[in-house]
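Report on the following structure.
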Amino acid sequence: MKKLTVGIISLFLNVCLANNLPEKHGFIDAQLFVGKNNNQPLIIGFGGGEGGNAWASDYWKKTRDEFLDKGYALLAIGYFGMPNTTPMLDRIPLDAIYHEITKAAKNPLINPKKLALIGGSKGAELALNLASRYPDISSVIALVPSHVSFPGITYTMAHSSWTFEGIEVPFVPASERIIPAVLTRDLHTAFSMMLEDKEWVEKARIPVEKINGSLMIISAREDEMWPSLMMSEQLVEQLEQAQFAHHYKHIIAEGGHASALNHFPEIFAFLDEYFKPK
């Protein structure tokens, strides 16, 4: 009887912890930048695991202005690490982000049928998850992406990075094996070890074959953060096996995790060819 009581209490505590969503859960920081022309395609930009709203920052102003000069509107999304969002990357609702996208697309100067996502690292993981679930997204630029969903960036890594319709998106769990690598900040090894669990990798695979539009992937050959080249090759294999109906391209950047940012000329050319209205 005592063991049964302890078991019930343990189960109750686990349920409580699972439902203990972070402060400001579902709050999204969205900042829209619009040019003066009509019929502007909308680019939605996501930063990575550093948090904040990268595309709204001064650092990205030059690139942001280049998008505007080329006739695009830009929606900068901060999904954690902002004063008005949750502090950590923990169970971020895809639905809440999509809601901000649809709100921005109602601007009279924006073409609501032309929505493209661009994100790097965890932001690329986010972009692929969104586009795989919302068919009105018509192009994705994934910089040093993953092919699976990983845990949120929290102290315990016990939950998914994302939720969809109130349910956690399946993710590759973090076991105790990765602790030494994490403590020494060898993240590439930590993520590589997580990907050894093939059963969970299959469960956590992002269904990129469901994306309803063009896709550009840029990986990094010497990626020190996580194995983006291997994961990008897995994405391409998924597209090939599914006989993906849209144009896709994989570029391998020579260098580390940030080297994908050297390829904006190719990104602009890709969007102009396979996304922007003629």
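Residues are named by chain letter and number: chains run A, B, ... in the order of the structure tokens, numbers start at 1 in each chain, and ligands are numbered from 1 in the order shown.
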
*Members of segment 107-151 of chain A assigned strand (DSSP E) by DSSP, as a ChimeraX atom specification*: /A:110-120,139-143

*asked:* Quick check for you: according to DSSP on this backbone, which residues of segment 78-215 of chain A are classed as alpha helix (DSSP H)? Reply as number ranges by chain.
replied: A: 94-104, 122-131, 179-183, 187-194, 198-204

Select from segment 223-253 of chain A every residue with an atom at most 9 Å from any atom of segment 171-192 of chain A, then for each give the shortest pair of atoms and their distance in Å to one decimal, using only C-alpha atoms, rows by chain and rising number, as a Markdown table.
```
| residue | atom | partner | partner_atom | distance |
| --- | --- | --- | --- | --- |
| A:Asp223 | CA | A:His188 | CA | 7.7 |
| A:Glu224 | CA | A:His188 | CA | 5.6 |
| A:Met225 | CA | A:His188 | CA | 4.8 |
| A:Trp226 | CA | A:His188 | CA | 4.1 |
| A:Pro227 | CA | A:His188 | CA | 6.3 |
```

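For the residues A:Gly71, A:Gly152, A:Pro135, A:Gly26, ranking by smallest atom-to-atom distance to Gly49 of chain A using only C-alpha atoms places A:Gly152 first.
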
*Excluding Lys114 of chain A and residues on its chain fewer than 4 positions from it, collect all residues at most 9 Å away from it, counting only C-alpha atoms, and give them as JSON, numbers by chain.*
{"A": [40, 41, 42, 43, 105, 110, 136, 137, 138, 139, 275, 276, 277]}

Residues from last step as file, N, CA and C atoms, as a PDB file, in the first residue's frame:
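Contents of out-v2.pdb, as written:
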```
ATOM      1  N   GLN A  40       4.082  43.233 -51.788  1.00  0.00           N
ATOM      2  CA  GLN A  40       5.391  42.806 -51.297  1.00  0.00           C
ATOM      3  C   GLN A  40       5.330  41.372 -50.754  1.00  0.00           C
ATOM      4  N   PRO A  41       6.198  40.468 -51.254  1.00  0.00           N
ATOM      5  CA  PRO A  41       6.313  39.155 -50.621  1.00  0.00           C
ATOM      6  C   PRO A  41       6.849  39.329 -49.203  1.00  0.00           C
ATOM      7  N   LEU A  42       6.434  38.463 -48.291  1.00  0.00           N
ATOM      8  CA  LEU A  42       6.825  38.595 -46.889  1.00  0.00           C
ATOM      9  C   LEU A  42       7.874  37.556 -46.526  1.00  0.00           C
ATOM     10  N   ILE A  43       9.015  38.033 -46.021  1.00  0.00           N
ATOM     11  CA  ILE A  43      10.061  37.176 -45.481  1.00  0.00           C
ATOM     12  C   ILE A  43       9.923  37.169 -43.965  1.00  0.00           C
ATOM     13  N   ALA A 105       0.558  39.338 -42.520  1.00  0.00           N
ATOM     14  CA  ALA A 105       0.194  39.156 -43.923  1.00  0.00           C
ATOM     15  C   ALA A 105      -1.068  39.924 -44.305  1.00  0.00           C
ATOM     16  N   ILE A 110       1.237  43.905 -48.377  1.00  0.00           N
ATOM     17  CA  ILE A 110       1.865  42.583 -48.435  1.00  0.00           C
ATOM     18  C   ILE A 110       1.022  41.616 -49.252  1.00  0.00           C
ATOM     19  N   ASP A 136       0.428  27.210 -46.649  1.00  0.00           N
ATOM     20  CA  ASP A 136       0.480  28.510 -47.322  1.00  0.00           C
ATOM     21  C   ASP A 136       1.864  29.150 -47.227  1.00  0.00           C
ATOM     22  N   ILE A 137       2.810  28.497 -46.558  1.00  0.00           N
ATOM     23  CA  ILE A 137       4.200  28.955 -46.589  1.00  0.00           C
ATOM     24  C   ILE A 137       4.839  28.393 -47.852  1.00  0.00           C
ATOM     25  N   SER A 138       5.331  29.288 -48.710  1.00  0.00           N
ATOM     26  CA  SER A 138       5.705  28.861 -50.057  1.00  0.00           C
ATOM     27  C   SER A 138       7.200  28.837 -50.334  1.00  0.00           C
ATOM     28  N   SER A 139       8.032  29.092 -49.326  1.00  0.00           N
ATOM     29  CA  SER A 139       9.475  28.954 -49.519  1.00  0.00           C
ATOM     30  C   SER A 139      10.156  28.948 -48.157  1.00  0.00           C
ATOM     31  N   PHE A 275      10.647  32.225 -55.671  1.00  0.00           N
ATOM     32  CA  PHE A 275       9.659  32.682 -54.701  1.00  0.00           C
ATOM     33  C   PHE A 275       8.979  33.987 -55.121  1.00  0.00           C
ATOM     34  N   LYS A 276       9.764  34.953 -55.515  1.00  0.00           N
ATOM     35  CA  LYS A 276       9.223  36.278 -55.809  1.00  0.00           C
ATOM     36  C   LYS A 276       8.328  36.239 -57.043  1.00  0.00           C
ATOM     37  N   PRO A 277       7.163  36.926 -56.988  1.00  0.00           N
ATOM     38  CA  PRO A 277       6.280  36.954 -58.156  1.00  0.00           C
ATOM     39  C   PRO A 277       6.975  37.589 -59.355  1.00  0.00           C
TER      40      PRO A 277
END
```

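Proximity to Ser57 of chain A at 12 Å, evaluated using only C-alpha atoms and with sequence-adjacent residues fewer than 3 positions away removed, yields A:Gln31, A:Phe33, A:Gly45, A:Phe46, A:Gly47, A:Gly51, A:Gly52, A:Asn53, A:Ala54, A:Trp60, A:Lys61, A:Lys62, A:Thr63, A:Arg64, A:Asp65, A:Ala76, A:Ile77, A:Gly78, A:Met82.
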
*Name the closest residue to Trp200 of chain A among the candidates A:Glu266, A:Ala245, A:Pro151, A:Leu261; distances are taken between atoms, counting only C-alpha atoms.*
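Among the listed residues, the smallest separation from Trp200 of chain A belongs to A:Pro151.
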
*Pick from A:Val144, A:Ile206, A:Met216, A:Ala127, whichever lies nearest to Gly255 of chain A using only C-alpha atoms*: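 The answer is A:Val144, which sits nearest to Gly255 of chain A.
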
*Which value, in Å to one decimal, gives the distance between atom CA of Ala258 of chain A and atom CA of Asp272 of chain A?*
23.3 Å

*Test item: residues at most 9 Å from Glu23 of chain A, only C-alpha atoms, excluding those fewer than 5 positions along its chain, as a PyMOL selection string*: chain A and resi 85-87

*Which residue, A:Ser161, A:Ser259, A:Asn212, A:Gln238, has the smallest gap to Asp90 of chain A when you use only C-alpha atoms?*
A:Ser161

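Between His246 of chain A and the residues A:Thr163, A:Asn20, A:Ser132, A:Ser214, the shortest atom-to-atom distance, using only C-alpha atoms, involves A:Ser214.
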
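Taking atom CA of Met231 of chain A and atom CA of His147 of chain A as the two end points, the separation is 5.3 Å.
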
*Length of the atom CA of Val140 of chain A to atom CA of Tyr274 of chain A vector [Å]*: 10.4 Å

*asked:* I'd like the contact shell of Ile44 of chain A - 7 Å cut-off, only C-alpha atoms, skipping same-chain residues fewer than 3 positions apart - returned as a list of chain:residue names.
replied: A:Leu74, A:Leu75, A:Ala76, A:Ala116, A:Leu117, A:Ile118

Atoms kept (C-alpha atoms) for selection, written as a PDB file, in the first residue's frame:
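The result, stored in again32.pdb:
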```pdb
ATOM      1  CA  LEU A  74      10.296  41.430 -43.455  1.00  0.00           C
ATOM      2  CA  LEU A  75       8.735  40.122 -40.261  1.00  0.00           C
ATOM      3  CA  ALA A  76      11.307  39.656 -37.488  1.00  0.00           C
ATOM      4  CA  ALA A 116       8.885  32.690 -47.019  1.00  0.00           C
ATOM      5  CA  LEU A 117      10.735  31.635 -43.872  1.00  0.00           C
ATOM      6  CA  ILE A 118      14.441  32.116 -43.182  1.00  0.00           C
TER       7      ILE A 118
END
```

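Nearest to Tyr248 of chain A of all the residues A:Gly81, A:Arg205, A:Ala142, A:Thr156 is A:Ala142, based on only C-alpha atoms.
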
_Who sits within 12 Å of Ser160 of chain A, only C-alpha atoms, same chain under 6 positions skipped, as a PyMOL selection string_ = chain A and resi 18+21+88-94+125-126+148-154+166-174+204
